[in-house]
>>> print(open('model.txt').read())   # compact mmCIF, C-alpha atoms
# COMPACT_ATOMS: atom_id res chain seq x y z
CA MET A 301 66.19 61.56 34.86
CA PHE A 302 64.30 58.30 34.65
CA ASN A 303 65.10 55.83 37.36
CA PHE A 304 63.89 52.44 36.27
CA SER A 305 66.03 50.71 38.89
CA SER A 306 63.50 51.49 41.63
CA ASN A 307 60.72 50.29 39.37
CA PRO A 308 57.92 48.35 41.06
CA VAL A 309 57.55 46.15 37.94
CA PRO A 310 60.67 44.06 37.36
CA ALA A 311 61.83 43.50 33.80
CA GLY A 312 61.62 39.78 34.37
CA ARG A 313 63.45 37.69 31.85
CA ASP A 314 63.03 40.08 28.94
CA PRO A 315 66.51 41.29 27.95
CA ALA A 316 64.99 43.68 25.39
CA LEU A 317 63.09 45.47 28.16
CA VAL A 318 66.22 45.61 30.32
CA ALA A 319 68.17 47.15 27.42
CA THR A 320 65.35 49.63 26.75
CA ARG A 321 65.09 50.70 30.38
CA THR A 322 68.85 51.13 30.58
CA PHE A 323 68.81 53.20 27.39
CA PHE A 324 66.01 55.50 28.56
CA GLN A 325 67.55 55.92 31.97
CA GLU A 326 70.43 57.68 30.19
CA HIS A 327 68.70 59.20 27.16
CA GLY A 328 65.06 59.67 28.22
CA SER A 329 65.31 63.39 28.99
CA ALA A 330 67.01 64.20 25.71
CA LEU A 331 64.44 62.22 23.73
CA LEU A 332 61.55 63.87 25.58
CA ASN A 333 63.01 67.26 24.68
CA ALA A 334 63.49 66.17 21.07
CA ALA A 335 59.89 64.94 20.88
CA ALA A 336 58.62 68.26 22.21
CA LEU A 337 60.76 70.28 19.79
CA LEU A 338 59.98 68.20 16.70
CA GLY A 339 56.41 67.12 17.38
CA GLY A 340 54.98 69.54 19.91
CA PRO A 341 52.92 68.80 23.01
CA SER A 342 51.16 65.76 21.56
CA ALA A 343 54.48 64.09 20.68
CA HIS A 344 55.83 64.97 24.12
CA ARG A 345 52.82 63.32 25.78
CA ARG A 346 53.17 60.28 23.52
CA CYS A 347 56.83 59.96 24.52
CA LEU A 348 55.86 60.24 28.19
CA ARG A 349 53.34 57.42 27.69
CA LEU A 350 56.10 55.35 26.08
CA LEU A 351 58.35 55.90 29.10
CA SER A 352 55.49 55.02 31.42
CA GLY A 353 54.84 51.83 29.46
CA ILE A 354 58.50 50.87 29.63
CA SER A 355 58.35 51.34 33.39
CA GLU A 356 55.03 49.58 33.98
CA ASN A 357 55.37 46.47 31.80
CA SER A 358 57.27 43.29 32.56
CA SER A 359 58.14 42.74 28.89
CA LEU A 360 58.75 44.87 25.82
CA THR A 361 55.35 44.45 24.21
CA ARG A 362 54.57 44.83 20.52
CA ALA A 363 52.83 48.15 21.28
CA LEU A 364 55.93 49.46 23.06
CA ARG A 365 58.10 48.36 20.13
CA GLN A 366 55.78 50.22 17.76
CA GLU A 367 56.13 53.34 19.90
CA LEU A 368 59.92 53.02 19.84
CA VAL A 369 59.75 52.89 16.04
CA TRP A 370 57.46 55.95 16.04
CA LEU A 371 59.94 57.85 18.23
CA HIS A 372 62.79 56.87 15.96
CA ARG A 373 60.86 58.09 12.92
CA LEU A 374 60.14 61.37 14.70
CA VAL A 375 63.77 62.10 15.58
CA CYS A 376 64.93 60.97 12.10
CA LEU A 377 62.49 63.48 10.57
CA ASP A 378 60.54 60.79 8.70
CA LEU A 379 57.36 62.57 9.74
CA VAL A 380 58.49 65.84 8.09
CA GLY A 381 57.34 66.55 4.57
CA ASP A 382 53.56 66.64 4.70
CA PRO A 383 52.70 70.36 4.48
CA GLU A 384 49.73 69.77 6.82
CA ALA A 385 51.77 67.99 9.51
CA GLU A 386 52.74 69.77 12.71
CA GLU A 387 56.19 68.14 12.49
CA THR A 388 56.83 69.88 9.14
CA ALA A 389 55.94 73.30 10.54
CA ARG A 390 58.03 72.75 13.66
CA PHE A 391 61.01 71.55 11.64
CA ALA A 392 60.83 74.62 9.40
CA MET A 393 61.19 76.87 12.47
CA ILE A 394 64.36 75.19 13.77
CA ASP A 395 67.66 76.94 13.12
CA ARG A 396 70.00 74.31 11.69
CA LEU A 397 72.84 75.82 13.72
CA ASP A 398 70.93 75.30 16.97
CA PRO A 399 73.03 72.95 19.16
CA ARG A 400 69.91 70.90 19.85
CA VAL A 401 70.00 69.74 16.23
CA GLU A 402 73.29 67.91 16.75
CA GLU A 403 72.01 66.40 20.01
CA ILE A 404 68.88 65.13 18.26
CA CYS A 405 71.00 63.57 15.52
CA LEU A 406 73.13 61.81 18.14
CA GLU A 407 70.03 60.57 19.98
CA ALA A 408 68.55 59.32 16.70
CA ASP A 409 71.71 57.29 16.11
CA ARG A 410 71.62 55.93 19.66
CA LEU A 411 67.96 55.01 19.34
CA TYR A 412 68.75 53.19 16.09
CA ASP A 413 71.45 51.25 17.95
CA LEU A 414 68.83 50.29 20.57
CA LEU A 415 66.48 49.07 17.84
CA VAL A 416 69.31 46.95 16.39
CA ALA A 417 70.03 45.54 19.86
CA ILE A 418 66.35 44.69 20.37
CA SER A 419 66.29 43.02 16.97
CA ASP A 420 69.39 41.00 17.87
CA LEU A 421 67.75 39.90 21.12
CA ASP A 422 64.50 38.97 19.36
CA PRO A 423 65.17 38.17 15.68
CA GLY A 424 61.49 37.43 15.07
CA CYS A 425 60.36 40.96 15.95
CA ASP A 426 58.77 42.12 12.70
CA VAL A 427 58.02 45.63 14.06
CA ILE A 428 61.69 46.44 14.56
CA LEU A 429 62.94 44.44 11.58
CA GLY A 430 60.58 46.37 9.31
CA GLU A 431 61.99 49.67 10.54
CA LEU A 432 65.59 48.51 10.16
CA PHE A 433 64.88 47.23 6.65
CA ASP A 434 63.22 50.52 5.66
CA LEU A 435 66.24 52.46 6.88
CA SER A 436 68.77 50.26 5.09
CA ALA A 437 66.87 50.65 1.82
CA ALA A 438 66.99 54.45 2.04
>>> encode(input="model.txt", output="structure tokens")
Amino acid sequence: MFNFSSNPVPAGRDPALVATRTFFQEHGSALLNAAALLGGPSAHRRCLRLLSGISENSSLTRALRQELVWLHRLVCLDLVGDPEAEETARFAMIDRLDPRVEEICLEADRLYDLLVAISDLDPGCDVILGELFDLSAA
């Protein structure tokens, strides 16, 4: 759905941005749908802003990396648990046998792999490293 190849802003020499654009070219639609299902309209808009930022920047900025971590936390259900949170209410309404659940789990795993790849490309990235460390401790 997302065609970053015709992007007016080239990725330059940032291999992390190239990897991220490639990832979202294939998985962007599924992650947008997951964001809408799990987080509602505000999460869907936030995910759209993330995709726009990936398209419009010439490097994978710290803010974009933070948004990737947020998206990963959303699809991994880290935001579920607070009784006042919209994500908790939305999660409670999802039928666990819904085929979208399996797709979201697969996308969460793929997004984790992207975070690992970004970390490998930029070992000093504390935003991503913090997320990976938190997940390995769980």
>>> atom_distance(input="model.txt", atom1="atom CA of A:Leu317", atom2="atom CA of A:Ser342")
24.4 Å
>>> closest_residue(input="model.txt", among="A:Glu403, A:Glu356, A:Asp398, A:Asp413", to="A:Arg321", atoms="all atoms listed in the file")
A:Glu356
>>> atom_distance(input="model.txt", atom1="atom CA of A:Glu402", atom2="atom CA of A:Val375")
11.2 Å
>>> closest_residue(input="model.txt", among="A:Ala392, A:Asp426, A:Leu415, A:Leu377", to="A:Ala335", atoms="all atoms listed in the file")
A:Leu377
>>> residues_around(input="model.txt", residues="stretch 407-412 of chain A", least_positions_apart="5", cutoff="12 Å", atoms="only C-alpha atoms", output="PyMOL selection string")
chain A and resi 319-320+322-324+326-335+365+367-378+400-402+417-419+428-429+431-433+435-436
>>> residues_near_point(input="model.txt", point="(56.8, 49.2, 23.5)", cutoff="10 Å", atoms="only C-alpha atoms", output="PyMOL selection string")
chain A and resi 317+320+349-354+357+359-369
>>> atom_distance(input="model.txt", atom1="atom CA of A:Leu348", atom2="atom CA of A:Asp422")
24.6 Å
>>> residues_around(input="model.txt", residues="A:Ala389", least_positions_apart="2", cutoff="12 Å", atoms="only C-alpha atoms", output="short mmCIF file (atom, residue, chain, number, x, y, z; two decimals) with C-alpha atoms, keeping the file's coordinate frame")
data_model
loop_
_atom_site.label_atom_id
_atom_site.label_comp_id
_atom_site.auth_asym_id
_atom_site.auth_seq_id
_atom_site.Cartn_x
_atom_site.Cartn_y
_atom_site.Cartn_z
CA LEU A 337 60.76 70.28 19.79
CA LEU A 338 59.98 68.20 16.70
CA GLY A 339 56.41 67.12 17.38
CA GLY A 340 54.98 69.54 19.91
CA LEU A 377 62.49 63.48 10.57
CA LEU A 379 57.36 62.57 9.74
CA VAL A 380 58.49 65.84 8.09
CA GLY A 381 57.34 66.55 4.57
CA ASP A 382 53.56 66.64 4.70
CA PRO A 383 52.70 70.36 4.48
CA GLU A 384 49.73 69.77 6.82
CA ALA A 385 51.77 67.99 9.51
CA GLU A 386 52.74 69.77 12.71
CA GLU A 387 56.19 68.14 12.49
CA PHE A 391 61.01 71.55 11.64
CA ALA A 392 60.83 74.62 9.40
CA MET A 393 61.19 76.87 12.47
CA ILE A 394 64.36 75.19 13.77
#
